[in-house]
$ cat upload.tsv   # TSV, C-alpha atoms
chain	number	residue	atom	x	y	z
T	1	MET	CA	-31.81	-5.54	-15.05
T	2	SER	CA	-33.31	-4.37	-11.77
T	3	ASP	CA	-34.35	-0.78	-11.21
T	4	TYR	CA	-32.03	1.04	-8.90
T	5	THR	CA	-30.88	4.46	-7.73
T	6	MET	CA	-27.19	5.35	-7.50
T	7	GLN	CA	-25.92	7.12	-4.40
T	8	THR	CA	-22.43	8.37	-3.59
T	9	GLY	CA	-20.66	9.37	-0.40
T	10	SER	CA	-17.31	11.04	0.20
T	11	PRO	CA	-17.45	8.93	2.34
T	12	PHE	CA	-20.80	8.03	3.88
T	13	THR	CA	-21.41	8.87	7.51
T	14	GLY	CA	-24.06	8.28	10.15
T	15	ARG	CA	-26.99	6.02	9.31
T	16	GLU	CA	-25.91	5.63	5.68
T	17	LEU	CA	-22.53	4.37	6.81
T	18	GLU	CA	-24.12	1.89	9.20
T	19	LYS	CA	-26.32	0.57	6.37
T	20	LEU	CA	-23.25	0.11	4.19
T	21	LYS	CA	-21.35	-1.71	6.94
T	22	ALA	CA	-24.32	-4.05	7.48
T	23	PHE	CA	-24.54	-4.77	3.74
T	24	LEU	CA	-20.83	-5.57	3.53
T	25	ARG	CA	-21.03	-7.85	6.58
T	26	GLU	CA	-23.69	-9.87	4.75
T	27	GLU	CA	-21.17	-10.31	1.92
T	28	ASP	CA	-18.39	-11.42	4.34
T	29	LEU	CA	-16.57	-8.09	3.96
T	30	ASP	CA	-15.51	-5.54	6.57
T	31	TYR	CA	-15.85	-1.84	5.93
T	32	ASP	CA	-12.40	-0.29	5.48
T	33	GLU	CA	-12.22	2.81	7.67
T	34	HIS	CA	-9.77	4.50	5.26
T	35	ILE	CA	-12.32	4.67	2.44
T	36	THR	CA	-12.64	8.11	0.86
T	37	TYR	CA	-15.44	7.57	-1.68
T	38	THR	CA	-18.30	5.10	-2.13
T	39	VAL	CA	-20.81	4.29	-4.87
T	40	GLU	CA	-23.86	2.23	-4.00
T	41	LEU	CA	-26.98	1.08	-5.81
T	42	VAL	CA	-30.22	0.94	-3.82
T	43	ASP	CA	-33.57	-0.57	-4.76
T	44	ASP	CA	-36.98	1.10	-4.47
T	45	ASP	CA	-37.11	0.25	-0.77
T	46	GLY	CA	-33.74	1.90	-0.10
T	47	ALA	CA	-31.91	-1.40	0.42
T	48	ILE	CA	-28.33	-1.58	-0.87
T	49	ILE	CA	-27.99	-4.11	-3.70
T	50	ALA	CA	-24.44	-3.30	-4.84
T	51	SER	CA	-21.56	-1.11	-3.71
T	52	GLY	CA	-17.93	-0.22	-4.35
T	53	SER	CA	-15.46	2.15	-2.75
T	54	CYS	CA	-11.95	3.48	-3.08
T	55	GLU	CA	-9.16	5.02	-1.03
T	56	GLY	CA	-6.87	7.11	-3.18
T	57	ASN	CA	-6.00	4.87	-6.13
T	58	VAL	CA	-7.06	1.61	-4.47
T	59	LEU	CA	-10.49	0.06	-5.13
T	60	LYS	CA	-12.10	-1.50	-2.06
T	61	CYS	CA	-15.19	-3.18	-0.66
T	62	ILE	CA	-16.85	-4.10	-3.97
T	63	ALA	CA	-19.89	-6.34	-3.62
T	64	VAL	CA	-23.23	-7.29	-5.22
T	65	SER	CA	-26.07	-8.80	-3.23
T	66	PRO	CA	-26.52	-12.53	-4.01
T	67	ASP	CA	-30.16	-11.83	-4.89
T	68	TYR	CA	-29.04	-9.53	-7.71
T	69	GLN	CA	-25.96	-11.29	-9.05
T	70	GLY	CA	-26.04	-12.06	-12.75
T	71	GLN	CA	-27.86	-8.78	-13.49
T	72	ASN	CA	-24.71	-6.82	-14.47
T	73	LEU	CA	-24.92	-4.48	-11.48
T	74	LEU	CA	-21.16	-4.47	-11.02
T	75	ALA	CA	-20.69	-2.59	-14.30
T	76	PRO	CA	-22.38	0.70	-13.25
T	77	VAL	CA	-20.64	0.60	-9.85
T	78	MET	CA	-17.21	0.16	-11.42
T	79	SER	CA	-17.92	2.73	-14.16
T	80	ALA	CA	-18.87	5.29	-11.52
T	81	LEU	CA	-15.72	4.53	-9.52
T	82	PHE	CA	-13.54	4.81	-12.63
T	83	GLN	CA	-15.15	8.15	-13.47
T	84	HIS	CA	-14.56	9.42	-9.94
T	85	LEU	CA	-10.89	8.44	-10.14
T	86	ALA	CA	-10.58	10.20	-13.51
T	87	ASP	CA	-12.21	13.32	-12.04
T	88	GLU	CA	-9.60	13.20	-9.27
T	89	GLY	CA	-6.80	12.97	-11.86
T	90	ILE	CA	-6.07	9.34	-10.99
T	91	PHE	CA	-5.52	7.16	-14.06
T	92	HIS	CA	-3.54	4.28	-12.55
T	93	TYR	CA	-5.36	2.31	-9.89
T	94	PHE	CA	-5.34	-1.04	-8.13
T	95	GLY	CA	-7.59	-3.59	-6.51
T	96	PHE	CA	-7.08	-6.34	-3.95
T	97	THR	CA	-9.42	-9.32	-3.81
T	98	LYS	CA	-9.64	-13.06	-3.34
T	99	PRO	CA	-8.15	-15.12	-6.21
T	100	LYS	CA	-11.54	-16.74	-6.86
T	101	ASN	CA	-12.81	-13.32	-8.01
T	102	LYS	CA	-10.19	-12.97	-10.77
T	103	ALA	CA	-12.57	-13.52	-13.68
T	104	VAL	CA	-15.05	-10.95	-12.36
T	105	PHE	CA	-12.47	-8.20	-12.04
T	106	THR	CA	-10.57	-8.95	-15.24
T	107	HIS	CA	-13.92	-8.67	-17.04
T	108	MET	CA	-14.13	-5.15	-15.60
T	109	GLY	CA	-10.83	-4.16	-17.20
T	110	LEU	CA	-8.35	-4.94	-14.43
T	111	TYR	CA	-5.19	-7.01	-14.96
T	112	PRO	CA	-3.47	-9.35	-12.49
T	113	VAL	CA	-0.11	-8.18	-11.08
T	114	ALA	CA	0.63	-10.85	-8.46
T	115	GLU	CA	-1.25	-13.63	-6.74
T	116	THR	CA	-0.89	-15.87	-3.69
T	117	ASP	CA	-3.20	-18.54	-2.30
T	118	HIS	CA	-5.19	-15.84	-0.49
T	119	ILE	CA	-4.76	-12.46	-2.23
T	120	LEU	CA	-4.85	-11.19	-5.80
T	121	LEU	CA	-3.49	-7.76	-6.76
T	122	LEU	CA	-4.81	-6.18	-9.96
T	123	GLU	CA	-4.27	-2.91	-11.80
T	124	ASN	CA	-6.02	-1.11	-14.65
T	125	LYS	CA	-2.97	-0.91	-16.92
T	126	LYS	CA	-2.20	-4.07	-18.87
T	127	ASP	CA	1.49	-3.21	-19.12
T	128	GLY	CA	1.81	-1.16	-15.91
T	129	PHE	CA	4.02	-3.56	-14.02
T	130	ALA	CA	6.07	-4.42	-17.11
T	131	ARG	CA	6.78	-0.71	-17.62
T	132	TYR	CA	7.86	-0.39	-13.98
T	133	VAL	CA	10.31	-3.28	-14.39
T	134	ASP	CA	11.60	-1.70	-17.63
T	135	ALA	CA	12.23	1.53	-15.69
T	136	LEU	CA	14.18	-0.43	-13.07
T	137	HIS	CA	16.35	-1.87	-15.83
T	138	GLU	CA	16.98	1.60	-17.26
T	139	GLU	CA	17.92	3.04	-13.85
T	140	THR	CA	20.21	0.07	-13.25
T	141	ALA	CA	21.94	0.42	-16.62
T	142	ALA	CA	22.45	4.15	-16.10
T	143	LYS	CA	23.99	3.63	-12.67
T	144	MET	CA	26.22	0.80	-13.83
T	145	ALA	CA	27.49	3.07	-16.60
T	146	SER	CA	28.26	5.96	-14.25
T	147	GLY	CA	28.98	4.17	-10.96
T	148	LYS	CA	31.46	1.53	-9.91
T	149	GLU	CA	30.98	-2.11	-9.07
T	150	ASN	CA	32.31	-3.34	-5.75
T	151	THR	CA	34.53	-6.13	-7.05
T	152	ASP	CA	35.10	-7.40	-3.51
T	153	GLY	CA	31.35	-7.87	-3.01
T	154	ASN	CA	29.25	-10.97	-3.42
T	155	GLY	CA	25.99	-11.00	-5.37
T	156	ILE	CA	23.38	-8.32	-6.03
T	157	GLY	CA	21.68	-6.95	-2.92
T	158	ALA	CA	18.48	-5.05	-2.14
T	159	ILE	CA	17.00	-2.91	0.62
T	160	VAL	CA	13.37	-1.77	0.74
T	161	ALA	CA	12.86	1.08	3.19
T	162	ASN	CA	10.55	3.94	4.03
T	163	CYS	CA	13.31	6.34	5.13
T	164	ASN	CA	10.90	8.72	6.84
T	165	PRO	CA	13.32	10.47	7.21
T	166	PHE	CA	16.70	9.04	6.11
T	167	THR	CA	18.62	8.55	9.37
T	168	LEU	CA	22.10	7.47	10.39
T	169	GLY	CA	20.53	4.04	10.91
T	170	HIS	CA	19.48	3.88	7.28
T	171	ARG	CA	22.90	5.12	6.21
T	172	TYR	CA	24.56	2.40	8.30
T	173	LEU	CA	22.33	-0.32	6.78
T	174	VAL	CA	22.98	0.87	3.22
T	175	GLU	CA	26.72	1.27	3.79
T	176	GLN	CA	27.10	-2.18	5.33
T	177	ALA	CA	25.07	-3.83	2.60
T	178	ALA	CA	26.87	-1.97	-0.20
T	179	SER	CA	30.24	-3.02	1.19
T	180	SER	CA	29.35	-6.70	0.88
T	181	CYS	CA	27.59	-6.66	-2.53
T	182	ARG	CA	28.74	-6.00	-6.06
T	183	TRP	CA	25.71	-3.75	-6.57
T	184	LEU	CA	23.00	-2.72	-4.09
T	185	HIS	CA	19.47	-1.73	-5.11
T	186	VAL	CA	17.73	0.58	-2.62
T	187	PHE	CA	13.97	0.88	-3.04
T	188	VAL	CA	12.38	3.87	-1.31
T	189	LEU	CA	8.68	3.43	-0.57
T	190	SER	CA	6.56	5.79	-2.63
T	191	ALA	CA	3.44	5.97	-0.46
T	192	GLU	CA	2.81	9.43	0.98
T	193	GLN	CA	3.08	9.31	4.78
T	194	GLY	CA	2.88	12.37	6.98
T	195	TRP	CA	4.64	15.69	6.58
T	196	ILE	CA	7.75	14.38	4.81
T	197	SER	CA	6.73	13.78	1.19
T	198	ALA	CA	7.78	10.72	-0.81
T	199	GLN	CA	9.88	12.96	-3.06
T	200	ASP	CA	11.63	14.52	-0.06
T	201	ARG	CA	12.37	11.09	1.38
T	202	PHE	CA	13.84	9.93	-1.93
T	203	ASN	CA	15.91	13.12	-2.23
T	204	MET	CA	17.34	12.60	1.27
T	205	VAL	CA	18.34	9.01	0.43
T	206	LYS	CA	19.95	10.21	-2.80
T	207	ALA	CA	21.91	12.94	-1.01
T	208	GLY	CA	22.89	10.61	1.82
T	209	THR	CA	24.23	7.82	-0.41
T	210	GLN	CA	25.79	9.72	-3.31
T	211	ASP	CA	29.30	8.79	-2.14
T	212	LEU	CA	28.52	5.05	-2.46
T	213	PRO	CA	29.28	4.25	-6.12
T	214	ASN	CA	27.59	0.84	-6.24
T	215	VAL	CA	24.20	1.93	-4.84
T	216	ILE	CA	21.29	2.06	-7.31
T	217	LEU	CA	18.22	4.00	-6.16
T	218	HIS	CA	14.61	3.29	-7.14
T	219	VAL	CA	11.15	4.36	-6.06
T	220	THR	CA	8.74	1.52	-5.36
T	221	SER	CA	5.87	3.15	-7.24
T	222	ASP	CA	2.68	1.28	-6.24
T	223	TYR	CA	4.13	-2.22	-6.41
T	224	LEU	CA	6.33	-2.73	-3.36
T	225	ILE	CA	4.07	-1.64	-0.55
T	226	SER	CA	4.49	-2.05	3.18
T	227	PRO	CA	2.21	-4.88	4.38
T	228	VAL	CA	0.92	-2.45	7.02
T	229	VAL	CA	-1.14	-0.64	4.37
T	230	PHE	CA	-2.51	-3.67	2.52
T	231	PRO	CA	-6.31	-3.88	2.93
T	232	THR	CA	-7.68	-6.77	4.97
T	233	TYR	CA	-11.43	-6.10	4.63
T	234	PHE	CA	-11.96	-9.24	2.51
T	235	ILE	CA	-9.84	-11.58	4.69
T	236	LYS	CA	-11.92	-13.54	7.16
T	237	ASP	CA	-8.96	-15.00	9.05
T	238	LYS	CA	-7.87	-11.75	10.74
T	239	ASP	CA	-5.28	-13.52	12.92
T	240	ASN	CA	-3.30	-14.43	9.80
T	241	ALA	CA	-4.16	-11.42	7.63
T	242	PHE	CA	-0.82	-9.71	8.22
T	243	THR	CA	1.11	-12.82	7.19
T	244	MET	CA	-1.06	-13.18	4.08
T	245	ASN	CA	-0.28	-9.59	3.10
T	246	CYS	CA	3.42	-10.15	3.73
T	247	MET	CA	3.29	-13.11	1.37
T	248	LEU	CA	1.84	-10.96	-1.42
T	249	ASP	CA	4.57	-8.35	-0.99
T	250	ILE	CA	7.21	-11.08	-0.93
T	251	GLU	CA	5.73	-12.68	-4.07
T	252	ILE	CA	5.98	-9.36	-5.92
T	253	PHE	CA	9.59	-8.95	-4.82
T	254	ARG	CA	10.91	-12.47	-5.33
T	255	GLY	CA	8.80	-13.49	-8.30
T	256	HIS	CA	9.20	-10.36	-10.37
T	257	ILE	CA	11.60	-7.67	-9.18
T	258	ALA	CA	14.41	-9.85	-7.79
T	259	LYS	CA	14.15	-12.14	-10.79
T	260	ALA	CA	14.34	-9.23	-13.24
T	261	LEU	CA	17.33	-7.58	-11.57
T	262	GLY	CA	19.23	-10.71	-10.53
T	263	ILE	CA	18.91	-9.88	-6.83
T	264	THR	CA	20.27	-12.65	-4.60
T	265	ARG	CA	20.45	-10.88	-1.23
T	266	ARG	CA	18.00	-8.84	0.88
T	267	PHE	CA	19.10	-6.71	3.84
T	268	VAL	CA	16.95	-5.60	6.78
T	269	GLY	CA	17.59	-3.95	10.10
T	270	THR	CA	16.46	-5.42	13.41
T	271	GLU	CA	13.24	-3.90	14.75
T	272	PRO	CA	13.31	-3.95	18.57
T	273	ALA	CA	10.56	-1.33	18.84
T	274	SER	CA	8.20	-2.53	16.09
T	275	ALA	CA	6.45	-5.89	16.44
T	276	VAL	CA	4.86	-5.42	13.00
T	277	THR	CA	8.11	-4.84	11.13
T	278	ASN	CA	9.82	-7.58	13.12
T	279	ALA	CA	7.10	-10.00	12.05
T	280	TYR	CA	7.67	-8.95	8.45
T	281	ASN	CA	11.38	-9.67	8.81
T	282	VAL	CA	10.50	-13.14	10.09
T	283	CYS	CA	8.43	-13.73	6.93
T	284	LEU	CA	11.31	-12.56	4.74
T	285	LYS	CA	13.77	-14.87	6.46
T	286	SER	CA	11.39	-17.79	6.05
T	287	GLU	CA	10.22	-17.24	2.47
T	288	LEU	CA	13.11	-15.76	0.49
T	289	PRO	CA	16.00	-18.24	1.04
T	290	PRO	CA	14.12	-21.19	-0.53
T	291	HIS	CA	13.94	-19.07	-3.68
T	292	GLY	CA	17.67	-18.33	-3.78
T	293	ILE	CA	17.61	-14.98	-1.95
T	294	ASP	CA	19.63	-14.78	1.26
T	295	VAL	CA	18.34	-12.47	4.02
T	296	THR	CA	20.80	-10.62	6.24
T	297	GLU	CA	19.44	-8.93	9.36
T	298	LEU	CA	21.78	-6.27	10.78
T	299	GLU	CA	21.62	-4.97	14.33
T	300	ARG	CA	20.23	-1.46	14.58
T	301	LEU	CA	22.78	1.31	14.98
T	302	GLU	CA	22.93	3.01	18.38
T	303	LYS	CA	24.06	6.59	18.91
T	304	ASP	CA	24.78	7.98	22.37
T	305	GLY	CA	22.79	5.13	23.91
T	306	THR	CA	19.79	5.67	21.62
T	307	VAL	CA	18.69	3.15	19.02
T	308	VAL	CA	18.53	5.11	15.78
T	309	SER	CA	15.05	4.90	14.27
T	310	ALA	CA	12.99	7.13	12.03
T	311	SER	CA	10.10	7.08	14.51
T	312	THR	CA	12.39	8.46	17.24
T	313	VAL	CA	13.61	11.16	14.88
T	314	ARG	CA	10.07	12.17	13.94
T	315	HIS	CA	9.05	12.30	17.58
T	316	LEU	CA	12.00	14.49	18.51
T	317	ILE	CA	11.40	16.85	15.59
T	318	GLN	CA	7.69	17.20	16.32
T	319	THR	CA	8.08	17.66	20.07
T	320	GLU	CA	11.43	19.41	20.52
T	321	GLY	CA	12.42	20.62	17.08
T	322	LEU	CA	14.85	19.55	14.38
T	323	GLU	CA	17.96	20.45	16.37
T	324	SER	CA	17.13	17.83	19.01
T	325	ALA	CA	17.24	15.08	16.36
T	326	ALA	CA	20.41	16.23	14.61
T	327	PHE	CA	22.60	13.62	16.34
T	328	LEU	CA	20.55	10.82	14.70
T	329	LEU	CA	20.70	12.27	11.18
T	330	PRO	CA	23.35	12.42	8.46
T	331	LYS	CA	24.35	15.99	7.74
T	332	THR	CA	22.66	15.71	4.35
T	333	SER	CA	19.28	14.86	5.91
T	334	TYR	CA	19.66	17.55	8.57
T	335	GLU	CA	20.36	20.23	5.97
T	336	TYR	CA	17.52	19.01	3.77
T	337	LEU	CA	14.99	19.02	6.62
T	338	LYS	CA	15.97	22.55	7.54
T	339	CYS	CA	14.64	23.58	4.15
T	340	VAL	CA	11.39	21.57	4.20
T	341	LYS	CA	10.43	22.39	7.79
$ encode --input "upload.tsv" --output "structure tokens"
Amino acid sequence: MSDYTMQTGSPFTGRELEKLKAFLREEDLDYDEHITYTVELVDDDGAIIASGSCEGNVLKCIAVSPDYQGQNLLAPVMSALFQHLADEGIFHYFGFTKPKNKAVFTHMGLYPVAETDHILLLENKKDGFARYVDALHEETAAKMASGKENTDGNGIGAIVANCNPFTLGHRYLVEQAASSCRWLHVFVLSAEQGWISAQDRFNMVKAGTQDLPNVILHVTSDYLISPVVFPTYFIKDKDNAFTMNCMLDIEIFRGHIAKALGITRRFVGTEPASAVTNAYNVCLKSELPPHGIDVTELERLEKDGTVVSASTVRHLIQTEGLESAAFLLPKTSYEYLKCVK
């Protein structure tokens, strides 16, 4: 094994950051600007020979110089990253990479969750995803025991939404979907985003849908993730990176979650103001029906000439105060936000 010195950055800046970026470029990787911590091994001349980074509970930008491959340099990098995550109280973490790297990362103690032609998602818990699906089954059974099936509905539906915050538009989408399905699963994204916490968002959805007896609520945990936040540092074809990430998210949904819960319908709202989300809807409409899942796209609700969107609500709250956004919110969300503001 080569002699080396280990260096860490939280994250690196200045000249050290530029050295790291140059090293990653040589390995056909881009530096991910959201990185929060990096471990690198340098030789006696100060040249980087291996590195690995993370952002929260996601491992990123892991590479070993071709001149040093086969010398087990990945092991100390990964061990240092795992120790850092443990020190931060993070014991469940993930990695995204190219499928050709599966053997390397599984040897390091990571387990595949889902895979497409271009992207592989791994986690450090062998039964992590299975436990998540088991929890979905338990939540579903509990709701079916206490709720009421819509006998006039057709099939089992699903909505995946951020609800940041839960608006009248979200309420309209859930209500319309629930009225046409026997049961409707609503998945609230778990990623922390901005001043409204994931728990607060879930609580608002729960309060705003409690009168709908066939709605079953779930958190997405770390498995259903908006394609916007998927890393693209290892994807060379940047023009198609978003579509590739969409395909991974869709594979997780259709190949695992929909299959486990018997979901046959997916509901989305139109996205006139978001090209990114609109592109994701296009992917859903293209990829889900061939696998037996119909996609229904509902027109966005308008209120007093304003298209109801969470981004509009956030803007109004942050610039003019909560009262200015009240006409776009269910009473339950308005009352909840009065307490968290």
$ closest_residue --input "upload.tsv" --among "T:Arg182, T:Arg25, T:Lys19, T:Lys100" --to "T:Ala63" --atoms "only C-alpha atoms"
T:Arg25
$ closest_atom_pairs --input "upload.tsv" --of "stretch 155-228 of chain T" --to "stretch 137-142 of chain T" --cutoff "8 Å" --atoms "all atoms listed in the file" --output "tab-separated table"
residue	atom	partner	partner_atom	distance
T:Ile216	CA	T:Thr140	CA	6.4
T:Leu217	CA	T:Glu139	CA	7.8
T:His218	CA	T:Glu139	CA	7.5
$ axis_aligned_box --input "upload.tsv" --around "stretch 218-221 of chain T" --padding-each-side "3 Å" --output "AutoDock Vina command-line options"
--center_x 10.2 --center_y 2.9 --center_z -6.3 --size_x 14.7 --size_y 8.8 --size_z 7.9
$ residues_around --input "upload.tsv" --residues "stretch 308-312 of chain T" --least-positions-apart "3" --cutoff "7 Å" --atoms "all atoms listed in the file" --output "PyMOL selection string"
chain T and resi 163-165+167-169+300-303+315-316+328
$ residues_near_point --input "upload.tsv" --point "(23.1, 3.3, 4.6)" --cutoff "10 Å" --atoms "all atoms listed in the file" --output "mmCIF file with C-alpha atoms, in the frame of the given file"
data_model
loop_
_atom_site.group_PDB
_atom_site.id
_atom_site.type_symbol
_atom_site.label_atom_id
_atom_site.label_comp_id
_atom_site.auth_asym_id
_atom_site.auth_seq_id
_atom_site.Cartn_x
_atom_site.Cartn_y
_atom_site.Cartn_z
ATOM 1 C CA ILE T 159 17.000 -2.910 0.620
ATOM 2 C CA PHE T 166 16.700 9.040 6.110
ATOM 3 C CA THR T 167 18.620 8.550 9.370
ATOM 4 C CA LEU T 168 22.100 7.470 10.390
ATOM 5 C CA GLY T 169 20.530 4.040 10.910
ATOM 6 C CA HIS T 170 19.480 3.880 7.280
ATOM 7 C CA ARG T 171 22.900 5.120 6.210
ATOM 8 C CA TYR T 172 24.560 2.400 8.300
ATOM 9 C CA LEU T 173 22.330 -0.320 6.780
ATOM 10 C CA VAL T 174 22.980 0.870 3.220
ATOM 11 C CA GLU T 175 26.720 1.270 3.790
ATOM 12 C CA GLN T 176 27.100 -2.180 5.330
ATOM 13 C CA ALA T 177 25.070 -3.830 2.600
ATOM 14 C CA ALA T 178 26.870 -1.970 -0.200
ATOM 15 C CA VAL T 186 17.730 0.580 -2.620
ATOM 16 C CA VAL T 205 18.340 9.010 0.430
ATOM 17 C CA GLY T 208 22.890 10.610 1.820
ATOM 18 C CA THR T 209 24.230 7.820 -0.410
ATOM 19 C CA LEU T 212 28.520 5.050 -2.460
ATOM 20 C CA VAL T 215 24.200 1.930 -4.840
ATOM 21 C CA PRO T 330 23.350 12.420 8.460
#
$ closest_residue --input "upload.tsv" --among "T:Gly46, T:Pro76, T:Gly157, T:Pro66" --to "T:Ile257" --atoms "all atoms listed in the file"
T:Gly157
$ residues_around --input "upload.tsv" --residues "stretch 26-33 of chain T" --least-positions-apart "5" --cutoff "8 Å" --atoms "all atoms listed in the file" --output "CSV table (one decimal) with C-alpha atoms, in the coordinates of the input"
chain,number,residue,atom,x,y,z
T,20,LEU,CA,-23.2,0.1,4.2
T,21,LYS,CA,-21.4,-1.7,6.9
T,60,LYS,CA,-12.1,-1.5,-2.1
T,61,CYS,CA,-15.2,-3.2,-0.7
T,63,ALA,CA,-19.9,-6.3,-3.6
T,65,SER,CA,-26.1,-8.8,-3.2
T,231,PRO,CA,-6.3,-3.9,2.9
T,233,TYR,CA,-11.4,-6.1,4.6
T,234,PHE,CA,-12.0,-9.2,2.5
T,235,ILE,CA,-9.8,-11.6,4.7
T,236,LYS,CA,-11.9,-13.5,7.2
$ residues_around --input "upload.tsv" --residues "stretch 276-287 of chain T" --least-positions-apart "5" --cutoff "10 Å" --atoms "all atoms listed in the file" --output "PyMOL selection string"
chain T and resi 226-228+242-247+249-251+254+266-271+292-297
$ atom_distance --input "upload.tsv" --atom1 "atom CA of T:Gly109" --atom2 "atom CA of T:Phe187"
29.0 Å
